[in-house]
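Peer 1: Have a look at the structure that comes next, please.
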Amino acid sequence: MSTAVSDTPRAVTTAAELFACLQSSDRRTRIPVLAAVSQHPAVALQFGLYEGQDVIDVLLDCAQRRRGELEWFSWATALAGFRNQRVFDFFIELLLNAANPDVLSMAGEYLREEPVGVVTIRAGSALFDGDSPHRVRTIAALMQKAHGLSVPERIRTGILSETGNFQIPAFESAPDAWLAELKGPFAIEAKAALETQGPTVIQALLARWHELPEQNREWLLAWSVEAGEPLATDAIYRGVGSGSEELVAMSLEAAADLRLCDETVNCAAIRCLKHPTARLRRLAYRIAYRY
């Protein structure tokens, strides 16, 4: 690469020489030329074909052979300088199969410049991959500007949006899809997104209390108490009537703080007066004896 690389140990003037350097077993020969290709991909491509291959073919072959090595990142970085279907396929494969977060980020950066519709067709099915949150976040970021997404896809990409400009379907328009998110790996993000939709969501979720996992019930109880009456009372009634020890304790504490001491709450408190857990006993006494 005599026209572009003056800092390599030897002048490279033909495709045969370029490919021989890239495939050399001598790292001191291989790495400087690889760095030059990274800096000047267009010049490297101008060397043309040798034995039916161009520089992209050689880079792909070397990257494949060096999987798992630290040097592999240098080969992937060099490939990222080329806009080509073969390179697109390479980064799609990484996006769908890699486990390393740095590799997934690299794939996302490359694919961000590709047509979103094509990326969605090739990688959209992994948006609900339950094994790799980083993969899902990367794909969600790539799909945010895609058209024709399904409601579950819009909710998933919306709750993972880092810009906050994505229009997410309301809970009332897709309750089942939202409940699925509340049970999934991005429940925290789903809760935060639902809280922005206002108290009407609380009422809808309270109506489906028995479909919620325990942690979601605790979150809903806390949110209901913040929202005030009558949602707080409804949530407390549900919390003292069923659930884990923690949920019952949270419900009794909320009832005591709100001075809610009607028959439903009193009955729950009386049941806990001799509970083996000191916290529940103290809360029960606060209510039963109105301290």
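Note on naming: chains are A, B, ... as they come in the structure tokens, residues start from 1 per chain, ligands start from 1 in the order shown.
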Compile the contact shell of A:Cys62 as a ChimeraX atom specification: residues with an atom at most 9 Å away, counting only C-alpha atoms, same-chain residues fewer than 5 positions apart removed.

Peer 2: /A:22-23,57,67,72,75

Peer 1: For C-alpha atoms, I'd like the residues from the last selection saved as a short mmCIF file (atom, residue, chain, number, x, y, z; two decimals), in the first residue's frame.

Peer 2:
```cif
data_model
loop_
_atom_site.label_atom_id
_atom_site.label_comp_id
_atom_site.auth_asym_id
_atom_site.auth_seq_id
_atom_site.Cartn_x
_atom_site.Cartn_y
_atom_site.Cartn_z
CA LEU A 22 -2.33 -9.82 6.33
CA GLN A 23 -2.06 -13.61 6.45
CA ASP A 57 -12.59 -11.77 1.77
CA ARG A 67 -12.14 -15.92 16.91
CA TRP A 72 -9.74 -10.47 16.76
CA TRP A 75 -9.77 -7.55 12.46
#
```

Peer 1: Show which residues sit within 9 Å of stretch 202-208 of chain A, as a list of chain:residue names. Count only C-alpha atoms, and ignore same-chain residues fewer than 2 positions away.

Peer 2: A:Phe171, A:Glu172, A:Pro175, A:Leu179, A:Leu194, A:Glu195, A:Gly198, A:Pro199, A:Thr200, A:His210, A:Glu211, A:Leu212, A:Arg217, A:Leu220, A:Leu221, A:Trp223, A:Ser224, A:Ala227, A:Leu231, A:Asp234, A:Ala235, A:Arg238

Peer 1: Could you give me, as number ranges by chain, the residues within 12 Å of A:Val103, counting only C-alpha atoms and dropping anything in the same chain fewer than 3 positions from it?

Peer 2: A: 67-68, 70, 72-77, 80, 90-100, 106-110, 134-135, 138

Peer 1: If you keep N, CA, C and O atoms, can you produce a file of those selected residues as a short mmCIF file (atom, residue, chain, number, x, y, z; two decimals), in the first residue's frame?

Peer 2:
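Result written to selection_31.cif:
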```cif
data_model
loop_
_atom_site.label_atom_id
_atom_site.label_comp_id
_atom_site.auth_asym_id
_atom_site.auth_seq_id
_atom_site.Cartn_x
_atom_site.Cartn_y
_atom_site.Cartn_z
N ARG A 67 -11.07 -16.03 15.91
CA ARG A 67 -12.14 -15.92 16.91
C ARG A 67 -11.61 -16.34 18.28
O ARG A 67 -10.95 -17.37 18.41
N GLY A 68 -11.95 -15.56 19.29
CA GLY A 68 -11.52 -15.89 20.63
C GLY A 68 -10.19 -15.30 21.03
O GLY A 68 -9.81 -15.34 22.20
N LEU A 70 -7.47 -12.03 21.39
CA LEU A 70 -7.55 -10.60 21.63
C LEU A 70 -7.40 -9.81 20.34
O LEU A 70 -8.05 -8.78 20.14
N TRP A 72 -8.53 -10.43 17.58
CA TRP A 72 -9.74 -10.47 16.76
C TRP A 72 -10.41 -9.10 16.66
O TRP A 72 -10.95 -8.74 15.61
N PHE A 73 -10.36 -8.31 17.72
CA PHE A 73 -11.00 -7.00 17.69
C PHE A 73 -10.39 -6.10 16.62
O PHE A 73 -11.08 -5.28 16.02
N SER A 74 -9.10 -6.26 16.38
CA SER A 74 -8.45 -5.46 15.34
C SER A 74 -8.97 -5.84 13.96
O SER A 74 -9.16 -4.97 13.09
N TRP A 75 -9.23 -7.11 13.76
CA TRP A 75 -9.77 -7.55 12.46
C TRP A 75 -11.22 -7.07 12.28
O TRP A 75 -11.59 -6.61 11.20
N ALA A 76 -12.00 -7.15 13.34
CA ALA A 76 -13.38 -6.66 13.26
C ALA A 76 -13.41 -5.15 13.03
O ALA A 76 -14.24 -4.63 12.28
N THR A 77 -12.51 -4.44 13.68
CA THR A 77 -12.42 -2.99 13.49
C THR A 77 -12.08 -2.65 12.05
O THR A 77 -12.63 -1.71 11.46
N ALA A 80 -15.06 -3.04 9.87
CA ALA A 80 -16.07 -1.99 10.05
C ALA A 80 -15.85 -0.80 9.14
O ALA A 80 -16.76 0.03 8.98
N PHE A 90 -21.55 -10.23 8.31
CA PHE A 90 -20.61 -10.51 9.41
C PHE A 90 -21.10 -9.88 10.71
O PHE A 90 -21.14 -10.54 11.76
N PHE A 91 -21.50 -8.61 10.66
CA PHE A 91 -21.92 -7.92 11.87
C PHE A 91 -23.32 -8.35 12.31
O PHE A 91 -23.60 -8.36 13.51
N ILE A 92 -24.17 -8.73 11.39
CA ILE A 92 -25.47 -9.30 11.78
C ILE A 92 -25.24 -10.60 12.55
O ILE A 92 -25.88 -10.86 13.59
N GLU A 93 -24.32 -11.44 12.05
CA GLU A 93 -24.03 -12.70 12.74
C GLU A 93 -23.50 -12.44 14.15
O GLU A 93 -23.88 -13.14 15.10
N LEU A 94 -22.66 -11.43 14.29
CA LEU A 94 -22.16 -11.08 15.61
C LEU A 94 -23.30 -10.62 16.51
O LEU A 94 -23.40 -11.00 17.68
N LEU A 95 -24.16 -9.78 15.98
CA LEU A 95 -25.27 -9.26 16.76
C LEU A 95 -26.18 -10.38 17.27
O LEU A 95 -26.67 -10.33 18.40
N LEU A 96 -26.37 -11.38 16.46
CA LEU A 96 -27.31 -12.45 16.82
C LEU A 96 -26.67 -13.55 17.68
O LEU A 96 -27.40 -14.28 18.37
N ASN A 97 -25.34 -13.64 17.68
CA ASN A 97 -24.72 -14.79 18.34
C ASN A 97 -23.65 -14.45 19.37
O ASN A 97 -23.34 -15.30 20.21
N ALA A 98 -23.08 -13.27 19.31
CA ALA A 98 -22.00 -12.93 20.25
C ALA A 98 -22.55 -12.78 21.67
O ALA A 98 -23.71 -12.41 21.87
N ALA A 99 -21.70 -13.05 22.64
CA ALA A 99 -22.07 -12.88 24.04
C ALA A 99 -21.36 -11.70 24.69
O ALA A 99 -21.87 -11.12 25.65
N ASN A 100 -20.21 -11.33 24.15
CA ASN A 100 -19.41 -10.25 24.72
C ASN A 100 -20.09 -8.89 24.49
O ASN A 100 -20.37 -8.53 23.34
N MET A 106 -19.98 -3.12 19.21
CA MET A 106 -19.32 -2.89 17.93
C MET A 106 -20.27 -3.20 16.77
O MET A 106 -20.36 -2.44 15.79
N ALA A 107 -20.99 -4.31 16.89
CA ALA A 107 -21.95 -4.67 15.84
C ALA A 107 -23.04 -3.61 15.73
O ALA A 107 -23.44 -3.22 14.63
N GLY A 108 -23.51 -3.12 16.87
CA GLY A 108 -24.55 -2.09 16.86
C GLY A 108 -24.08 -0.81 16.20
O GLY A 108 -24.83 -0.18 15.45
N GLU A 109 -22.84 -0.42 16.46
CA GLU A 109 -22.31 0.80 15.85
C GLU A 109 -22.23 0.67 14.34
O GLU A 109 -22.55 1.61 13.61
N TYR A 110 -21.81 -0.48 13.85
CA TYR A 110 -21.75 -0.68 12.40
C TYR A 110 -23.14 -0.69 11.79
O TYR A 110 -23.41 0.00 10.78
N HIS A 134 -27.97 -7.34 26.90
CA HIS A 134 -27.19 -6.38 26.11
C HIS A 134 -27.53 -6.52 24.63
O HIS A 134 -27.62 -5.51 23.91
N ARG A 135 -27.73 -7.75 24.15
CA ARG A 135 -28.13 -7.93 22.76
C ARG A 135 -29.48 -7.26 22.51
O ARG A 135 -29.67 -6.57 21.51
N THR A 138 -29.18 -3.53 22.36
CA THR A 138 -28.55 -3.11 21.10
C THR A 138 -29.54 -3.16 19.95
O THR A 138 -29.63 -2.22 19.15
#
```

Peer 1: Skip A:Leu18 itself and residues of its chain fewer than 6 positions away, then list as an MDAnalysis selection string all residues within 12 Å of it, counting only C-alpha atoms.

Peer 2: chainID A and resid 1:2 5 8 10:12 24 29:34 36:37 43:50 53:56 58:59

Peer 1: Atoms to include: C-alpha atoms. Write the selected residues as a PDB file, in the first residue's frame.

Peer 2:
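Heads up, here's the output in out-v3.pdb:
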```
ATOM      1  CA  MET A   1       0.000   0.000   0.000  1.00  0.00           C
ATOM      2  CA  SER A   2       2.680   2.414  -1.046  1.00  0.00           C
ATOM      3  CA  VAL A   5       0.959   3.506   4.183  1.00  0.00           C
ATOM      4  CA  THR A   8       4.641  -0.021   7.536  1.00  0.00           C
ATOM      5  CA  ARG A  10       7.705  -2.738   3.917  1.00  0.00           C
ATOM      6  CA  ALA A  11       6.096  -1.255   0.832  1.00  0.00           C
ATOM      7  CA  VAL A  12       2.977  -3.052  -0.362  1.00  0.00           C
ATOM      8  CA  SER A  24       1.515 -13.660   7.721  1.00  0.00           C
ATOM      9  CA  THR A  29       4.420  -7.997   9.606  1.00  0.00           C
ATOM     10  CA  ARG A  30       0.694  -8.565   9.996  1.00  0.00           C
ATOM     11  CA  ILE A  31      -0.412  -5.914  12.498  1.00  0.00           C
ATOM     12  CA  PRO A  32       1.007  -2.748  10.849  1.00  0.00           C
ATOM     13  CA  VAL A  33      -0.594  -3.669   7.536  1.00  0.00           C
ATOM     14  CA  LEU A  34      -3.880  -4.475   9.261  1.00  0.00           C
ATOM     15  CA  ALA A  36      -3.141   0.543   7.557  1.00  0.00           C
ATOM     16  CA  VAL A  37      -6.179  -1.213   6.100  1.00  0.00           C
ATOM     17  CA  VAL A  43      -7.266   2.282  -0.789  1.00  0.00           C
ATOM     18  CA  ALA A  44      -7.082  -1.350   0.349  1.00  0.00           C
ATOM     19  CA  LEU A  45     -10.128  -2.177  -1.758  1.00  0.00           C
ATOM     20  CA  GLN A  46      -8.491  -0.594  -4.819  1.00  0.00           C
ATOM     21  CA  PHE A  47      -5.853  -3.320  -4.817  1.00  0.00           C
ATOM     22  CA  GLY A  48      -8.535  -5.486  -6.395  1.00  0.00           C
ATOM     23  CA  LEU A  49      -8.617  -9.269  -6.669  1.00  0.00           C
ATOM     24  CA  TYR A  50      -5.963 -11.891  -6.201  1.00  0.00           C
ATOM     25  CA  GLN A  53     -10.497 -12.705  -3.471  1.00  0.00           C
ATOM     26  CA  ASP A  54     -10.435  -9.064  -2.439  1.00  0.00           C
ATOM     27  CA  VAL A  55      -9.309  -7.545   0.852  1.00  0.00           C
ATOM     28  CA  ILE A  56     -12.740  -8.033   2.430  1.00  0.00           C
ATOM     29  CA  VAL A  58      -9.155 -11.949   3.397  1.00  0.00           C
ATOM     30  CA  LEU A  59     -10.244  -9.921   6.423  1.00  0.00           C
TER      31      LEU A  59
END
```

Peer 1: Provide the atom CA of A:Ala288 to atom CA of A:Glu214 distance in Å, to one decimal place.

Peer 2: 25.8 Å

Peer 1: In Å, with one decimal, what is the gap from atom CA of A:Ala20 to atom CA of A:Arg83?

Peer 2: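 Calculated distance between atom CA of A:Ala20 and atom CA of A:Arg83 is 23.2 Å.
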
Peer 1: For a quick check of understanding, using only C-alpha atoms, which of A:Leu149, A:Leu60, A:Ala256, A:Ile270 has the smallest distance to A:Arg86?

Peer 2: A:Leu60

Peer 1: Restricting the calculation to only C-alpha atoms, which member of A:Leu104, A:Ala78, A:Cys261, A:Val151 is positioned closest to A:Ile139?

Peer 2: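 Comparing A:Leu104, A:Ala78, A:Cys261, A:Val151 against A:Ile139, the winner is A:Leu104.
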
Peer 1: Pick out the closest residue to A:Ile236 from this set: A:Thr14, A:Gln64, A:Ser161, A:Ser251. Count only C-alpha atoms.

Peer 2: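 Counting only C-alpha atoms, the residue closest to A:Ile236 is A:Ser251.
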
Peer 1: Residues near A:Gly124, anyone? I mean within 9 Å using only C-alpha atoms, not counting same-chain ones fewer than 3 positions away, as a PyMOL selection string.

Peer 2: chain A and resi 119-121+127-128+139-140+143+153

Peer 1: Check stretch 17-259 of chain A with DSSP on the backbone and list each residue it calls alpha helix (DSSP H), as a VMD selection string.

Peer 2: chain A and resid 17 to 22 27 to 39 41 to 46 55 to 65 72 to 79 85 to 97 101 to 111 116 to 123 133 to 143 151 to 159 175 to 182 187 to 195 199 to 206 214 to 227 231 to 241 245 to 257

Peer 1: With C-alpha atoms retained, export the selected residues as a compact mmCIF listing (two decimals), in the first residue's frame.

Peer 2:
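File written: result04.txt
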```
# COMPACT_ATOMS: atom_id res chain seq x y z
CA GLU A 17 1.67 -8.68 -1.26
CA LEU A 18 -1.16 -7.10 0.72
CA PHE A 19 -2.87 -10.42 1.33
CA ALA A 20 0.42 -12.15 2.17
CA CYS A 21 1.14 -9.53 4.83
CA LEU A 22 -2.33 -9.82 6.33
CA ARG A 27 2.75 -10.42 14.01
CA ARG A 28 5.25 -7.64 13.27
CA THR A 29 4.42 -8.00 9.61
CA ARG A 30 0.69 -8.56 10.00
CA ILE A 31 -0.41 -5.91 12.50
CA PRO A 32 1.01 -2.75 10.85
CA VAL A 33 -0.59 -3.67 7.54
CA LEU A 34 -3.88 -4.47 9.26
CA ALA A 35 -3.75 -1.06 10.93
CA ALA A 36 -3.14 0.54 7.56
CA VAL A 37 -6.18 -1.21 6.10
CA SER A 38 -8.25 0.09 9.01
CA GLN A 39 -7.11 3.64 8.32
CA PRO A 41 -10.15 0.90 3.62
CA ALA A 42 -10.92 2.49 0.25
CA VAL A 43 -7.27 2.28 -0.79
CA ALA A 44 -7.08 -1.35 0.35
CA LEU A 45 -10.13 -2.18 -1.76
CA GLN A 46 -8.49 -0.59 -4.82
CA VAL A 55 -9.31 -7.54 0.85
CA ILE A 56 -12.74 -8.03 2.43
CA ASP A 57 -12.59 -11.77 1.77
CA VAL A 58 -9.15 -11.95 3.40
CA LEU A 59 -10.24 -9.92 6.42
CA LEU A 60 -13.33 -12.09 6.91
CA ASP A 61 -11.25 -15.27 6.66
CA CYS A 62 -8.67 -14.00 9.15
CA ALA A 63 -11.35 -12.76 11.54
CA GLN A 64 -13.00 -16.16 11.46
CA ARG A 65 -9.71 -17.96 12.15
CA TRP A 72 -9.74 -10.47 16.76
CA PHE A 73 -11.00 -7.00 17.69
CA SER A 74 -8.45 -5.46 15.34
CA TRP A 75 -9.77 -7.55 12.46
CA ALA A 76 -13.38 -6.66 13.26
CA THR A 77 -12.42 -2.99 13.49
CA ALA A 78 -10.80 -3.19 10.07
CA LEU A 79 -13.92 -4.79 8.61
CA GLN A 85 -23.09 -7.00 2.01
CA ARG A 86 -20.48 -9.49 3.21
CA VAL A 87 -19.47 -7.19 6.05
CA PHE A 88 -23.13 -6.49 6.86
CA ASP A 89 -23.69 -10.25 7.18
CA PHE A 90 -20.61 -10.51 9.41
CA PHE A 91 -21.92 -7.92 11.87
CA ILE A 92 -25.47 -9.30 11.78
CA GLU A 93 -24.03 -12.70 12.74
CA LEU A 94 -22.16 -11.08 15.61
CA LEU A 95 -25.27 -9.26 16.76
CA LEU A 96 -27.31 -12.45 16.82
CA ASN A 97 -24.72 -14.79 18.34
CA PRO A 101 -21.01 -6.80 25.36
CA ASP A 102 -18.11 -5.04 23.62
CA VAL A 103 -18.62 -7.14 20.50
CA LEU A 104 -22.36 -6.48 20.56
CA SER A 105 -21.71 -2.75 20.87
CA MET A 106 -19.32 -2.89 17.93
CA ALA A 107 -21.95 -4.67 15.84
CA GLY A 108 -24.55 -2.09 16.86
CA GLU A 109 -22.31 0.80 15.85
CA TYR A 110 -21.75 -0.68 12.40
CA LEU A 111 -25.38 -1.61 11.80
CA VAL A 116 -33.24 0.10 9.58
CA GLY A 117 -35.78 -2.00 7.67
CA VAL A 118 -33.14 -4.50 6.57
CA VAL A 119 -31.64 -4.69 10.06
CA THR A 120 -35.11 -5.27 11.52
CA ILE A 121 -35.85 -8.09 9.09
CA ARG A 122 -32.55 -9.82 9.87
CA ALA A 123 -32.33 -9.23 13.63
CA PRO A 133 -30.04 -8.21 27.84
CA HIS A 134 -27.19 -6.38 26.11
CA ARG A 135 -28.13 -7.93 22.76
CA VAL A 136 -31.74 -6.89 23.26
CA ARG A 137 -30.76 -3.33 24.18
CA THR A 138 -28.55 -3.11 21.10
CA ILE A 139 -31.29 -4.38 18.80
CA ALA A 140 -33.90 -2.12 20.40
CA ALA A 141 -31.71 0.91 19.73
CA LEU A 142 -31.36 -0.14 16.08
CA MET A 143 -35.11 -0.69 15.64
CA VAL A 151 -47.34 -3.53 19.60
CA PRO A 152 -45.03 -5.76 21.70
CA GLU A 153 -42.07 -4.59 19.61
CA ARG A 154 -43.04 -0.95 20.08
CA ILE A 155 -43.35 -1.42 23.83
CA ARG A 156 -40.01 -3.24 24.11
CA THR A 157 -38.13 -0.70 21.99
CA GLY A 158 -39.91 2.14 23.77
CA ILE A 159 -39.07 1.13 27.32
CA PRO A 175 -52.52 -4.59 28.76
CA ASP A 176 -51.37 -8.14 28.03
CA ALA A 177 -48.20 -6.97 26.31
CA TRP A 178 -47.41 -4.69 29.25
CA LEU A 179 -48.04 -7.48 31.77
CA ALA A 180 -45.62 -9.64 29.82
CA GLU A 181 -42.97 -6.92 30.12
CA LEU A 182 -43.58 -6.62 33.86
CA ALA A 187 -39.45 -5.09 34.38
CA ILE A 188 -37.68 -2.09 35.94
CA GLU A 189 -37.80 -0.20 32.67
CA ALA A 190 -41.43 -1.21 32.12
CA LYS A 191 -42.40 0.10 35.57
CA ALA A 192 -40.68 3.41 34.95
CA ALA A 193 -42.48 3.78 31.63
CA LEU A 194 -45.86 2.94 33.15
CA GLU A 195 -45.41 5.46 35.95
CA PRO A 199 -52.88 6.96 37.96
CA THR A 200 -55.29 5.39 35.47
CA VAL A 201 -52.68 2.67 34.99
CA ILE A 202 -52.74 1.98 38.75
CA GLN A 203 -56.46 1.30 38.63
CA ALA A 204 -56.08 -1.01 35.65
CA LEU A 205 -53.23 -2.91 37.31
CA LEU A 206 -55.12 -3.26 40.59
CA GLU A 214 -44.95 -10.51 44.00
CA GLN A 215 -42.33 -7.82 43.34
CA ASN A 216 -44.71 -6.06 40.99
CA ARG A 217 -47.40 -6.08 43.67
CA GLU A 218 -45.00 -4.41 46.09
CA TRP A 219 -44.19 -1.76 43.47
CA LEU A 220 -47.88 -1.22 42.70
CA LEU A 221 -48.71 -0.88 46.39
CA ALA A 222 -46.02 1.78 46.88
CA TRP A 223 -47.15 3.64 43.75
CA SER A 224 -50.81 3.47 44.87
CA VAL A 225 -49.97 4.91 48.28
CA GLU A 226 -48.14 7.78 46.62
CA ALA A 227 -51.19 8.42 44.45
CA LEU A 231 -56.22 3.86 45.05
CA ALA A 232 -54.15 3.54 48.22
CA THR A 233 -57.01 1.90 50.12
CA ASP A 234 -57.73 -0.55 47.31
CA ALA A 235 -54.05 -1.57 47.14
CA ILE A 236 -53.78 -1.95 50.92
CA TYR A 237 -56.87 -4.17 51.02
CA ARG A 238 -55.34 -6.41 48.38
CA GLY A 239 -51.94 -6.43 50.07
CA VAL A 240 -53.15 -7.44 53.53
CA GLY A 241 -55.36 -10.14 52.10
CA GLU A 245 -44.73 -11.51 54.42
CA GLU A 246 -43.03 -8.41 52.99
CA LEU A 247 -46.16 -7.39 51.09
CA VAL A 248 -48.36 -7.80 54.15
CA ALA A 249 -45.90 -5.76 56.21
CA MET A 250 -45.81 -2.99 53.59
CA SER A 251 -49.60 -2.95 53.50
CA LEU A 252 -49.96 -2.77 57.28
CA GLU A 253 -47.36 -0.03 57.49
CA ALA A 254 -49.16 1.99 54.80
CA ALA A 255 -52.47 1.47 56.62
CA ALA A 256 -50.97 2.63 59.90
CA ASP A 257 -49.42 5.71 58.31
```

Peer 1: Between A:Asp129, A:Glu263, A:Glu51, A:Glu162, which has the minimum distance to A:Gln144 (counting only C-alpha atoms)?

Peer 2: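 Among the listed residues, A:Glu162 lies closest to A:Gln144.
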
Peer 1: Please provide as number ranges by chain all residues within 7 Å of A:Ala269, with the sequence filter that same-chain residues fewer than 4 positions apart are discarded (counting only C-alpha atoms).

Peer 2: A: 265, 273, 284, 287-288

Peer 1: Save the residues we just selected, N, CA and C atoms, as a compact mmCIF listing (two decimals), in the first residue's frame?

Peer 2:
```
# COMPACT_ATOMS: atom_id res chain seq x y z
N VAL A 265 -58.68 -4.02 57.52
CA VAL A 265 -57.31 -3.83 58.01
C VAL A 265 -57.17 -4.39 59.42
N LEU A 273 -50.93 -10.41 65.20
CA LEU A 273 -50.51 -10.03 66.56
C LEU A 273 -49.55 -11.04 67.17
N ALA A 284 -48.91 -4.72 63.56
CA ALA A 284 -50.25 -5.16 63.96
C ALA A 284 -50.71 -4.43 65.21
N ILE A 287 -51.95 -0.91 64.62
CA ILE A 287 -53.28 -0.80 64.05
C ILE A 287 -54.35 -1.29 65.03
N ALA A 288 -54.12 -2.46 65.59
CA ALA A 288 -55.13 -3.06 66.45
C ALA A 288 -55.43 -2.20 67.67
```

Peer 1: At what distance in Å, to one decimal, does atom CA of A:Pro213 lie from atom CA of A:Cys267?

Peer 2: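 Between these atoms lies a distance of 24.5 Å.
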